[in-house]
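**Student:** Structure file work_31.cif (mmCIF, C-alpha atoms) right here:
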```cif
data_work
#
loop_
_atom_site.label_atom_id
_atom_site.label_comp_id
_atom_site.auth_asym_id
_atom_site.auth_seq_id
_atom_site.Cartn_x
_atom_site.Cartn_y
_atom_site.Cartn_z
CA MET A 146 23.19 -30.49 -41.81
CA SER A 147 21.71 -30.60 -41.49
CA THR A 148 22.90 -29.53 -42.45
CA THR A 149 31.80 -26.26 -43.35
CA VAL A 150 34.44 -23.74 -42.77
CA PRO A 151 37.82 -23.80 -41.11
CA SER A 152 37.30 -24.54 -37.42
CA SER A 153 39.25 -21.43 -36.41
CA GLY A 154 39.60 -17.88 -37.64
CA LEU A 155 35.92 -17.39 -38.45
CA ALA A 156 34.75 -14.00 -39.60
CA ALA A 157 32.05 -12.44 -37.45
CA PRO A 158 28.58 -13.46 -38.65
CA ALA A 159 26.72 -10.96 -40.81
CA PRO A 160 23.56 -9.44 -39.33
CA ALA A 161 20.66 -11.87 -39.52
CA ASP A 162 18.67 -9.63 -41.90
CA ARG A 163 21.45 -8.68 -44.30
CA VAL A 164 24.14 -10.85 -45.86
CA GLY A 165 26.30 -10.65 -48.95
CA THR A 166 25.35 -12.85 -51.88
CA PRO A 167 28.01 -15.05 -53.45
CA ASP A 168 28.59 -12.92 -56.54
CA THR A 169 27.20 -9.40 -55.96
CA HIS A 170 27.50 -8.75 -52.20
CA GLU A 171 24.04 -7.23 -52.27
CA ALA A 172 21.49 -8.06 -49.58
CA VAL A 173 19.59 -11.25 -49.10
CA VAL A 174 16.78 -10.69 -46.63
CA ASP A 175 14.88 -13.33 -44.71
CA SER A 176 11.66 -12.07 -43.12
CA PRO A 177 10.38 -14.94 -40.96
CA ASP A 178 7.90 -12.75 -39.12
CA ALA A 179 6.34 -11.12 -42.17
CA ALA A 180 2.73 -11.90 -43.03
CA GLY A 181 2.48 -15.22 -44.80
CA ALA A 182 6.11 -16.10 -44.12
CA ALA A 183 7.32 -19.61 -43.52
CA PRO A 184 7.34 -20.71 -39.90
CA VAL A 185 10.72 -20.51 -38.19
CA ARG A 186 11.84 -24.04 -37.33
CA THR A 187 14.86 -24.16 -35.06
CA ALA A 188 14.34 -27.60 -33.50
CA PRO A 189 15.78 -30.17 -33.51
CA TRP A 190 18.97 -28.81 -35.08
CA GLY A 191 18.77 -25.73 -32.90
CA ALA A 192 19.34 -27.97 -29.87
CA ASP A 193 22.39 -27.15 -27.77
CA PRO A 194 24.61 -30.11 -28.78
CA TYR A 195 24.47 -29.16 -32.48
CA ALA A 196 24.89 -25.42 -31.91
CA ASN A 197 27.77 -26.07 -29.53
CA ALA A 198 29.48 -28.40 -32.02
CA LEU A 199 29.25 -25.79 -34.78
CA ARG A 200 30.54 -23.11 -32.45
CA THR A 201 33.64 -25.15 -31.56
CA GLY A 202 34.04 -26.82 -34.95
CA ARG A 203 34.34 -30.28 -33.44
CA GLY A 204 32.40 -33.18 -31.95
CA PRO A 205 31.60 -35.57 -30.55
CA LEU A 206 28.06 -35.43 -31.92
CA PHE A 207 25.70 -38.31 -32.64
CA LEU A 208 22.19 -39.19 -33.72
CA ARG A 209 20.89 -41.46 -30.95
CA ARG A 210 18.05 -43.92 -31.42
CA SER A 211 15.77 -44.87 -28.55
CA ASP A 212 17.57 -48.22 -28.25
CA GLY A 213 20.86 -46.40 -27.60
CA TRP A 214 22.36 -46.98 -31.06
CA LEU A 215 24.58 -44.03 -32.09
CA LEU A 216 25.34 -42.67 -35.55
CA PRO A 217 28.49 -40.48 -35.39
CA LEU A 218 28.25 -37.12 -37.16
CA ASP A 219 31.39 -35.78 -38.85
CA VAL A 220 31.41 -32.26 -37.39
CA GLU A 221 35.11 -31.69 -38.07
CA ARG A 222 34.64 -32.38 -41.79
CA TRP A 223 31.54 -30.20 -41.94
CA CYS A 224 33.53 -27.37 -40.30
CA SER A 225 36.49 -27.63 -42.67
CA ASP A 226 37.02 -26.46 -46.23
CA ALA A 227 35.38 -28.52 -48.96
CA GLY A 228 37.43 -31.66 -49.62
CA SER A 229 38.03 -33.69 -52.76
CA ALA A 230 34.90 -35.82 -52.21
CA ASP A 231 32.82 -32.65 -51.87
CA LEU A 232 34.39 -31.26 -55.03
CA SER A 233 33.52 -34.43 -56.94
CA ALA A 234 29.89 -33.46 -56.34
CA LEU A 235 30.21 -29.68 -56.68
CA HIS A 236 31.93 -29.89 -60.06
CA ARG A 237 28.82 -31.65 -61.38
CA CYS A 238 26.50 -28.79 -60.36
CA GLU A 239 24.58 -26.96 -63.04
CA GLY A 240 23.06 -23.49 -62.83
CA PRO A 241 21.97 -21.95 -59.54
CA VAL A 242 22.38 -24.32 -56.59
CA LEU A 243 20.25 -24.83 -53.49
CA ASP A 244 22.12 -26.58 -50.66
CA ILE A 245 19.48 -28.27 -48.48
CA GLY A 246 20.65 -28.59 -44.88
CA CYS A 247 23.68 -26.41 -45.58
CA GLY A 248 25.11 -26.76 -42.07
CA PRO A 249 28.01 -24.40 -41.35
CA GLY A 250 28.45 -23.49 -45.00
CA ARG A 251 31.50 -25.08 -46.59
CA LEU A 252 29.60 -26.11 -49.74
CA VAL A 253 27.86 -22.75 -50.23
CA ALA A 254 31.20 -20.97 -49.84
CA GLU A 255 32.96 -23.31 -52.25
CA LEU A 256 30.18 -23.02 -54.82
CA ALA A 257 30.52 -19.24 -54.72
CA SER A 258 34.25 -19.55 -55.36
CA LEU A 259 33.46 -21.78 -58.36
CA GLY A 260 31.20 -19.09 -59.81
CA HIS A 261 27.81 -20.59 -58.96
CA ARG A 262 24.94 -18.61 -57.53
CA ALA A 263 24.20 -20.62 -54.41
CA LEU A 264 21.82 -20.46 -51.49
CA GLY A 265 21.90 -22.59 -48.35
CA ILE A 266 18.90 -23.40 -46.18
CA ASP A 267 18.99 -24.87 -42.70
CA VAL A 268 16.70 -25.08 -39.66
CA SER A 269 19.59 -24.29 -37.30
CA GLU A 270 20.23 -20.65 -36.44
CA ALA A 271 23.85 -21.54 -35.62
CA ALA A 272 24.34 -23.12 -39.06
CA VAL A 273 22.82 -20.18 -40.91
CA ALA A 274 24.90 -17.70 -38.89
CA ARG A 275 28.11 -19.61 -39.62
CA THR A 276 27.33 -19.86 -43.33
CA ARG A 277 26.66 -16.12 -43.44
CA GLY A 278 29.88 -15.51 -41.51
CA LEU A 279 31.70 -17.05 -44.47
CA GLY A 280 29.99 -14.62 -46.83
CA GLY A 281 27.56 -17.25 -48.10
CA ALA A 282 23.85 -16.69 -48.62
CA ALA A 283 21.62 -18.71 -46.29
CA LEU A 284 18.04 -18.70 -45.02
CA LEU A 285 16.57 -20.18 -41.84
CA ARG A 286 14.12 -22.54 -43.55
CA SER A 287 13.08 -26.17 -43.81
CA VAL A 288 13.04 -27.70 -47.26
CA PHE A 289 9.30 -28.20 -46.74
CA ASP A 290 8.70 -24.47 -46.17
CA PRO A 291 8.02 -22.05 -49.07
CA LEU A 292 11.38 -21.19 -50.67
CA PRO A 293 12.73 -18.67 -53.17
CA GLY A 294 12.90 -19.77 -56.80
CA GLU A 295 10.67 -22.83 -56.53
CA GLY A 296 10.62 -24.70 -59.82
CA ARG A 297 13.71 -22.89 -61.12
CA TRP A 298 16.78 -24.29 -59.32
CA GLY A 299 19.37 -25.92 -61.55
CA THR A 300 20.84 -28.22 -58.88
CA LEU A 301 19.81 -29.36 -55.40
CA LEU A 302 22.37 -30.77 -52.95
CA LEU A 303 21.52 -33.35 -50.28
CA LEU A 304 24.96 -34.17 -48.93
CA ASP A 305 26.28 -35.14 -45.47
CA GLY A 306 23.38 -37.51 -44.78
CA ASN A 307 20.68 -34.98 -45.67
CA ILE A 308 18.80 -37.48 -47.83
CA GLY A 309 17.53 -38.54 -44.40
CA ILE A 310 15.70 -35.25 -43.73
CA GLY A 311 12.10 -35.87 -42.67
CA GLY A 312 12.54 -39.64 -42.41
CA ASP A 313 10.78 -40.26 -45.75
CA PRO A 314 13.06 -40.28 -48.83
CA ALA A 315 10.13 -40.62 -51.24
CA ALA A 316 8.49 -37.47 -49.82
CA LEU A 317 11.81 -35.62 -49.93
CA LEU A 318 12.32 -36.61 -53.57
CA ASP A 319 8.82 -35.38 -54.36
CA ARG A 320 9.57 -32.03 -52.74
CA ALA A 321 12.90 -31.84 -54.60
CA ALA A 322 11.08 -32.28 -57.92
CA ASP A 323 8.91 -29.27 -57.03
CA LEU A 324 12.00 -27.12 -56.44
CA LEU A 325 14.00 -28.03 -59.55
CA GLY A 326 13.62 -26.56 -63.00
CA ALA A 327 12.97 -28.74 -66.04
CA ASP A 328 15.73 -31.37 -66.35
CA GLY A 329 17.20 -30.11 -63.06
CA LEU A 330 19.79 -32.16 -61.18
CA LEU A 331 19.65 -33.61 -57.67
CA ILE A 332 22.97 -34.70 -56.14
CA ALA A 333 22.59 -36.85 -53.03
CA GLU A 334 25.10 -38.52 -50.76
CA THR A 335 24.01 -42.02 -49.75
CA ALA A 336 25.01 -44.30 -46.90
CA PRO A 337 28.05 -46.37 -47.93
CA VAL A 338 26.15 -49.58 -47.11
CA ASP A 339 22.97 -51.08 -48.54
CA VAL A 340 20.44 -49.82 -46.01
CA ASP A 341 16.91 -48.42 -46.14
CA GLU A 342 15.66 -47.58 -42.66
CA ARG A 343 13.39 -45.10 -40.93
CA VAL A 344 14.24 -44.12 -37.36
CA ARG A 345 13.44 -41.54 -34.72
CA VAL A 346 16.54 -39.97 -33.21
CA ARG A 347 17.81 -37.25 -30.90
CA LEU A 348 20.99 -35.23 -31.12
CA ASP A 349 23.49 -36.37 -28.51
CA ASP A 350 27.00 -35.16 -27.68
CA GLY A 351 27.81 -38.31 -25.71
CA ARG A 352 27.65 -36.67 -22.30
CA ASP A 353 25.81 -38.49 -19.55
CA ALA A 354 25.89 -38.99 -15.80
CA THR A 355 28.60 -41.67 -16.04
CA ASP A 356 31.31 -39.06 -16.60
CA GLY A 357 30.02 -36.64 -13.98
CA ARG A 358 28.40 -34.28 -16.47
CA THR A 359 24.80 -33.82 -17.54
CA ALA A 360 23.47 -32.93 -20.96
CA PRO A 361 21.72 -29.55 -21.17
CA ALA A 362 18.00 -29.69 -20.38
CA SER A 363 17.14 -28.52 -23.92
CA ALA A 364 18.91 -31.57 -25.33
CA ARG A 365 17.57 -34.03 -22.74
CA ASP A 366 13.99 -32.88 -23.24
CA ALA A 367 14.08 -32.52 -27.03
CA GLU A 368 11.49 -34.57 -28.88
CA PRO A 369 12.90 -37.29 -31.14
CA PHE A 370 12.61 -36.46 -34.82
CA PRO A 371 12.29 -38.67 -37.91
CA TRP A 372 15.39 -39.52 -39.90
CA ALA A 373 16.29 -41.99 -42.64
CA ARG A 374 19.43 -43.85 -43.64
CA ILE A 375 19.46 -44.91 -47.25
CA GLY A 376 22.10 -46.55 -49.43
CA THR A 377 22.49 -46.22 -53.18
CA PRO A 378 20.38 -49.26 -54.21
CA ALA A 379 17.46 -48.14 -52.05
CA LEU A 380 17.67 -44.52 -53.22
CA LEU A 381 17.63 -45.65 -56.84
CA ARG A 382 14.52 -47.75 -56.16
CA HIS A 383 12.73 -44.74 -54.64
CA ALA A 384 13.92 -42.54 -57.49
CA ARG A 385 12.69 -44.90 -60.21
CA ALA A 386 9.30 -45.14 -58.51
CA GLY A 387 9.07 -41.34 -58.61
CA GLY A 388 10.08 -41.04 -62.26
CA TRP A 389 13.62 -39.77 -61.65
CA ARG A 390 16.35 -40.70 -64.14
CA THR A 391 19.80 -41.75 -62.94
CA ALA A 392 22.51 -39.38 -64.17
CA GLY A 393 25.49 -40.84 -62.31
CA GLN A 394 26.90 -42.85 -59.41
CA TRP A 395 30.37 -42.52 -57.91
CA GLY A 396 32.45 -42.82 -54.79
CA ALA A 397 35.21 -40.66 -53.29
CA GLU A 398 37.13 -40.94 -50.03
CA GLY A 399 34.82 -43.67 -48.76
CA ARG A 400 31.69 -41.61 -49.49
CA THR A 401 29.05 -42.53 -52.08
CA PHE A 402 26.98 -40.25 -54.31
CA VAL A 403 24.12 -40.40 -56.79
CA SER A 404 22.94 -37.76 -59.26
CA LEU A 405 19.37 -37.82 -60.56
CA ARG A 406 17.44 -35.92 -63.23
CA ARG A 407 14.10 -34.41 -62.31
CA PRO A 408 11.02 -36.37 -63.40
CA VAL A 409 9.09 -35.01 -66.36
CA ARG A 410 5.69 -34.14 -64.92
CA GLU A 411 3.21 -31.34 -64.46
CA ARG A 412 3.80 -28.93 -61.64
CA SER A 413 1.44 -29.46 -58.73
CA ALA A 414 -1.01 -26.76 -57.61
CA ARG A 415 0.78 -26.88 -54.25
CA THR A 416 4.05 -25.87 -55.91
CA SER A 417 2.49 -22.90 -57.69
CA SER A 418 0.88 -21.72 -54.46
CA GLN A 419 4.10 -22.10 -52.48
CA SER A 420 6.11 -20.26 -55.15
CA ALA A 421 3.75 -17.30 -54.99
CA GLU A 422 3.83 -17.25 -51.18
CA SER A 423 7.61 -17.53 -51.23
CA ALA A 424 7.95 -14.56 -53.54
CA ASN A 425 5.86 -12.47 -51.13
CA SER A 426 7.27 -13.69 -47.84
CA ALA A 427 11.03 -14.04 -48.34
CA PRO A 428 12.47 -11.12 -50.32
CA VAL A 429 15.63 -12.22 -52.13
CA ILE A 430 17.42 -10.05 -54.65
CA SER A 431 16.77 -10.99 -58.27
CA SER A 432 20.42 -11.85 -58.89
CA GLN A 433 20.16 -14.52 -56.21
CA LEU A 434 17.09 -16.20 -57.72
CA PRO A 435 17.46 -18.81 -60.41
CA LYS A 436 17.17 -17.44 -63.93
#
```
Please lay out the structure from this file as structure tokens.
**Tutor:**
Amino acid sequence: MSTTVPSSGLAAPAPADRVGTPDTHEAVVDSPDAAGAAPVRTAPWGADPYANALRTGRGPLFLRRSDGWLLPLDVERWCSDAGSADLSALHRCEGPVLDIGCGPGRLVAELASLGHRALGIDVSEAAVARTRGLGGAALLRSVFDPLPGEGRWGTLLLLDGNIGIGGDPAALLDRAADLLGADGLLIAETAPVDVDERVRVRLDDGRDATDGRTAPASARDAEPFPWARIGTPALLRHARAGGWRTAGQWGAEGRTFVSLRRPVRERSARTSSQSAESANSAPVISSQLPK
């Protein structure tokens, strides 16, 4: 998040329909309005608090449960260069990489500098624009939409809490298996505590009437969305149930990570159908697609 660049000195974003790829600087084109294209999903991460945080490169920003509980989001880290904990994950990547919930793009940019073909996806227009402003390739898509290269990605990234996308880790793992090639690698960041919870949350920048300010109407009226928090033990339980094999576990700078190998199984009919639709609806140059 979704969802990663220095917080100042940003290059101007590339046009929304043309952006340089990490290694060829040719065009990657997203055509959300073309026939059969994936629906454009800008909420909830298109809500003002998130877009504003990415614009300024700083928080505060939280996920707020209905009971008032707040989960702080590390906007400053997301909007900085990749750190040593990030690199501990990125150096394990294999083949072409799909960064799910790429946020403002630090991982996509770093992967390009490491020589990987990398693509970020995010449901926030602000995140995609900022990733493209770094020269990274990014599409405005949900992981559950048709995507380029389905069944051929070498590595998927679910960092910065993105294992929580959709509020159902088992469903997200199932979708990840559809996207990966045979023996592909999933690298996920887990909560640093043993937790396995499903919640509905809103984005919140901490502003309320008590300090004389009011949150924007788009944020106040936004529907809560499903999210999950999951620690390493719980993720491994879900992974084993889905046939995933554990490739590694490690920690760095107080963050915890797991790498998993794709289950050996037949591709679903749904995956084949989505791959065909993706090829027709989201033109991406062949050098950007997994080989």
**Student:** Out of A:Arg400, A:Arg406, A:Arg222, A:Arg286, which residue has the shortest atom-to-atom distance to Arg385 in chain A when counting all atoms listed in the file?
**Tutor:**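 Using all atoms listed in the file, the shortest distance to Arg385 in chain A belongs to A:Arg406.
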**Student:** Skip Leu208 in chain A itself and residues of its chain fewer than 6 positions away, then list as a list of chain:residue names all residues within 9 Å of it, counting all atoms listed in the file.
**Tutor:** A:Trp214, A:Leu215, A:Leu216, A:Pro217, A:Leu218, A:Val346, A:Arg347, A:Leu348, A:Asp349, A:Asp350
**Student:** Please write the residues picked by the PyMOL selection byres ((chain A and resi 283) around 7) on this file as a ChimeraX atom specification.
**Tutor:** /A:264-266,273,276-277,281-282,284-285
**Student:** Within 10 Å of Thr391 in chain A, counting only C-alpha atoms, which residues qualify if same-chain residues fewer than 5 places away don't, as a list in words?
**Tutor:**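 In the requested format, the answer is Leu330, Leu331, Leu381, Ala384, Arg385, Val403, Ser404, Leu405, Arg406 and Arg407 of chain A.
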**Student:** Could you tell me how far CA of Cys247 in chain A lies from CA of Thr201 in chain A, in Å and to one decimal?
**Tutor:**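 About the pair CA of Cys247 in chain A and CA of Thr201 in chain A: they are 17.2 Å apart.
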**Student:** One number please: CA of Gly311 in chain A to CA of His261 in chain A, in Å, one decimal.
**Tutor:** 27.3 Å
**Student:** So the first atom is CA of Asp339 in chain A and the second is CA of Arg374 in chain A; what is the distance between them in Å, to one decimal place?
**Tutor:**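 Rounded to one decimal, the two atoms are 9.4 Å apart.
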**Student:** Check which residues satisfy the PyMOL selection byres ((chain A and resi 230-242) around 10) in the file shown, then give them as a PyMOL selection string.
**Tutor:** chain A and resi 226-229+243-245+251-253+255-257+259-265+294+297-302+304-305+325-326+329-334+393+395-404+433-436
**Student:** Can you give me, as a PyMOL selection string, the residues this file yields under the PyMOL selection byres ((chain A and resi 345) around 10)?
**Tutor:** chain A and resi 208-211+311-312+343-344+346-347+368-373
**Student:** With C-alpha atoms kept, could you save the residues just selected as a tab-separated table (two decimals), in the coordinates of the input?
**Tutor:**
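Generated file (out.tsv):
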```
chain	number	residue	atom	x	y	z
A	208	LEU	CA	22.19	-39.19	-33.72
A	209	ARG	CA	20.89	-41.46	-30.95
A	210	ARG	CA	18.05	-43.92	-31.42
A	211	SER	CA	15.77	-44.87	-28.55
A	311	GLY	CA	12.10	-35.87	-42.67
A	312	GLY	CA	12.54	-39.64	-42.41
A	343	ARG	CA	13.39	-45.10	-40.93
A	344	VAL	CA	14.24	-44.12	-37.36
A	346	VAL	CA	16.54	-39.97	-33.21
A	347	ARG	CA	17.81	-37.25	-30.90
A	368	GLU	CA	11.49	-34.57	-28.88
A	369	PRO	CA	12.90	-37.29	-31.14
A	370	PHE	CA	12.61	-36.46	-34.82
A	371	PRO	CA	12.29	-38.67	-37.91
A	372	TRP	CA	15.39	-39.52	-39.90
A	373	ALA	CA	16.29	-41.99	-42.64
```
**Student:** Nearest to Gly296 in chain A: which of A:Ala327, A:Ala367, A:Ala198, A:Val409 is it, counting only C-alpha atoms?
**Tutor:**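 Closest to Gly296 in chain A of all the choices is A:Ala327.
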**Student:** Fewer than 3 positions away in the same chain doesn't count, so skip those; otherwise give me all residues within 12 Å of Ala386 in chain A, counting all atoms listed in the file, as a ChimeraX atom specification.
**Tutor:** /A:314-316,318-319,379-383,389-391,408
**Student:** Regenerate range 290-318 of chain A at the level of N, CA and C atoms and dump it as a PDB file, in the coordinates of the input.
**Tutor:**
```pdb
ATOM      1  N   ASP A 290       9.279 -25.800 -46.229  1.00  0.00           N
ATOM      2  CA  ASP A 290       8.700 -24.470 -46.170  1.00  0.00           C
ATOM      3  C   ASP A 290       8.698 -23.843 -47.571  1.00  0.00           C
ATOM      4  N   PRO A 291       7.896 -22.802 -47.811  1.00  0.00           N
ATOM      5  CA  PRO A 291       8.020 -22.050 -49.070  1.00  0.00           C
ATOM      6  C   PRO A 291       9.439 -21.503 -49.215  1.00  0.00           C
ATOM      7  N   LEU A 292       9.997 -21.586 -50.428  1.00  0.00           N
ATOM      8  CA  LEU A 292      11.380 -21.190 -50.670  1.00  0.00           C
ATOM      9  C   LEU A 292      11.483 -20.302 -51.901  1.00  0.00           C
ATOM     10  N   PRO A 293      12.506 -19.467 -51.962  1.00  0.00           N
ATOM     11  CA  PRO A 293      12.730 -18.670 -53.170  1.00  0.00           C
ATOM     12  C   PRO A 293      12.985 -19.559 -54.390  1.00  0.00           C
ATOM     13  N   GLY A 294      12.535 -19.116 -55.549  1.00  0.00           N
ATOM     14  CA  GLY A 294      12.900 -19.770 -56.800  1.00  0.00           C
ATOM     15  C   GLY A 294      12.344 -21.151 -57.007  1.00  0.00           C
ATOM     16  N   GLU A 295      11.214 -21.472 -56.372  1.00  0.00           N
ATOM     17  CA  GLU A 295      10.670 -22.830 -56.530  1.00  0.00           C
ATOM     18  C   GLU A 295      10.382 -23.112 -58.006  1.00  0.00           C
ATOM     19  N   GLY A 296      10.819 -24.291 -58.439  1.00  0.00           N
ATOM     20  CA  GLY A 296      10.620 -24.700 -59.820  1.00  0.00           C
ATOM     21  C   GLY A 296      11.661 -24.152 -60.786  1.00  0.00           C
ATOM     22  N   ARG A 297      12.723 -23.488 -60.240  1.00  0.00           N
ATOM     23  CA  ARG A 297      13.710 -22.890 -61.120  1.00  0.00           C
ATOM     24  C   ARG A 297      15.159 -23.201 -60.758  1.00  0.00           C
ATOM     25  N   TRP A 298      15.391 -23.972 -59.696  1.00  0.00           N
ATOM     26  CA  TRP A 298      16.780 -24.290 -59.320  1.00  0.00           C
ATOM     27  C   TRP A 298      17.392 -25.253 -60.332  1.00  0.00           C
ATOM     28  N   GLY A 299      18.667 -25.040 -60.623  1.00  0.00           N
ATOM     29  CA  GLY A 299      19.370 -25.920 -61.550  1.00  0.00           C
ATOM     30  C   GLY A 299      19.847 -27.198 -60.881  1.00  0.00           C
ATOM     31  N   THR A 300      20.316 -27.073 -59.623  1.00  0.00           N
ATOM     32  CA  THR A 300      20.840 -28.220 -58.880  1.00  0.00           C
ATOM     33  C   THR A 300      20.414 -28.118 -57.421  1.00  0.00           C
ATOM     34  N   LEU A 301      20.038 -29.248 -56.844  1.00  0.00           N
ATOM     35  CA  LEU A 301      19.810 -29.360 -55.400  1.00  0.00           C
ATOM     36  C   LEU A 301      20.885 -30.279 -54.831  1.00  0.00           C
ATOM     37  N   LEU A 302      21.398 -29.928 -53.662  1.00  0.00           N
ATOM     38  CA  LEU A 302      22.370 -30.770 -52.950  1.00  0.00           C
ATOM     39  C   LEU A 302      21.732 -31.344 -51.703  1.00  0.00           C
ATOM     40  N   LEU A 303      21.903 -32.652 -51.515  1.00  0.00           N
ATOM     41  CA  LEU A 303      21.520 -33.350 -50.280  1.00  0.00           C
ATOM     42  C   LEU A 303      22.721 -34.186 -49.853  1.00  0.00           C
ATOM     43  N   LEU A 304      23.737 -33.501 -49.334  1.00  0.00           N
ATOM     44  CA  LEU A 304      24.960 -34.170 -48.930  1.00  0.00           C
ATOM     45  C   LEU A 304      25.010 -34.320 -47.410  1.00  0.00           C
ATOM     46  N   ASP A 305      26.056 -34.999 -46.920  1.00  0.00           N
ATOM     47  CA  ASP A 305      26.280 -35.140 -45.470  1.00  0.00           C
ATOM     48  C   ASP A 305      25.116 -35.809 -44.757  1.00  0.00           C
ATOM     49  N   GLY A 306      24.471 -36.779 -45.414  1.00  0.00           N
ATOM     50  CA  GLY A 306      23.380 -37.510 -44.780  1.00  0.00           C
ATOM     51  C   GLY A 306      22.025 -36.863 -44.928  1.00  0.00           C
ATOM     52  N   ASN A 307      21.935 -35.731 -45.631  1.00  0.00           N
ATOM     53  CA  ASN A 307      20.680 -34.980 -45.670  1.00  0.00           C
ATOM     54  C   ASN A 307      19.579 -35.620 -46.504  1.00  0.00           C
ATOM     55  N   ILE A 308      19.876 -36.703 -47.204  1.00  0.00           N
ATOM     56  CA  ILE A 308      18.800 -37.480 -47.830  1.00  0.00           C
ATOM     57  C   ILE A 308      17.877 -38.040 -46.753  1.00  0.00           C
ATOM     58  N   GLY A 309      18.339 -38.042 -45.508  1.00  0.00           N
ATOM     59  CA  GLY A 309      17.530 -38.540 -44.400  1.00  0.00           C
ATOM     60  C   GLY A 309      16.534 -37.545 -43.839  1.00  0.00           C
ATOM     61  N   ILE A 310      16.567 -36.287 -44.295  1.00  0.00           N
ATOM     62  CA  ILE A 310      15.700 -35.250 -43.730  1.00  0.00           C
ATOM     63  C   ILE A 310      14.234 -35.666 -43.832  1.00  0.00           C
ATOM     64  N   GLY A 311      13.530 -35.571 -42.710  1.00  0.00           N
ATOM     65  CA  GLY A 311      12.100 -35.870 -42.670  1.00  0.00           C
ATOM     66  C   GLY A 311      11.773 -37.332 -42.503  1.00  0.00           C
ATOM     67  N   GLY A 312      12.781 -38.208 -42.629  1.00  0.00           N
ATOM     68  CA  GLY A 312      12.540 -39.640 -42.410  1.00  0.00           C
ATOM     69  C   GLY A 312      11.748 -40.324 -43.509  1.00  0.00           C
ATOM     70  N   ASP A 313      11.573 -39.682 -44.662  1.00  0.00           N
ATOM     71  CA  ASP A 313      10.780 -40.260 -45.750  1.00  0.00           C
ATOM     72  C   ASP A 313      11.414 -39.855 -47.076  1.00  0.00           C
ATOM     73  N   PRO A 314      12.365 -40.659 -47.598  1.00  0.00           N
ATOM     74  CA  PRO A 314      13.060 -40.280 -48.830  1.00  0.00           C
ATOM     75  C   PRO A 314      12.134 -40.050 -50.015  1.00  0.00           C
ATOM     76  N   ALA A 315      11.043 -40.816 -50.119  1.00  0.00           N
ATOM     77  CA  ALA A 315      10.130 -40.620 -51.240  1.00  0.00           C
ATOM     78  C   ALA A 315       9.484 -39.242 -51.175  1.00  0.00           C
ATOM     79  N   ALA A 316       9.080 -38.802 -49.973  1.00  0.00           N
ATOM     80  CA  ALA A 316       8.490 -37.470 -49.820  1.00  0.00           C
ATOM     81  C   ALA A 316       9.516 -36.382 -50.102  1.00  0.00           C
ATOM     82  N   LEU A 317      10.762 -36.602 -49.685  1.00  0.00           N
ATOM     83  CA  LEU A 317      11.810 -35.620 -49.930  1.00  0.00           C
ATOM     84  C   LEU A 317      12.106 -35.511 -51.425  1.00  0.00           C
ATOM     85  N   LEU A 318      12.126 -36.645 -52.121  1.00  0.00           N
ATOM     86  CA  LEU A 318      12.320 -36.610 -53.570  1.00  0.00           C
ATOM     87  C   LEU A 318      11.178 -35.875 -54.266  1.00  0.00           C
TER      88      LEU A 318
END
```
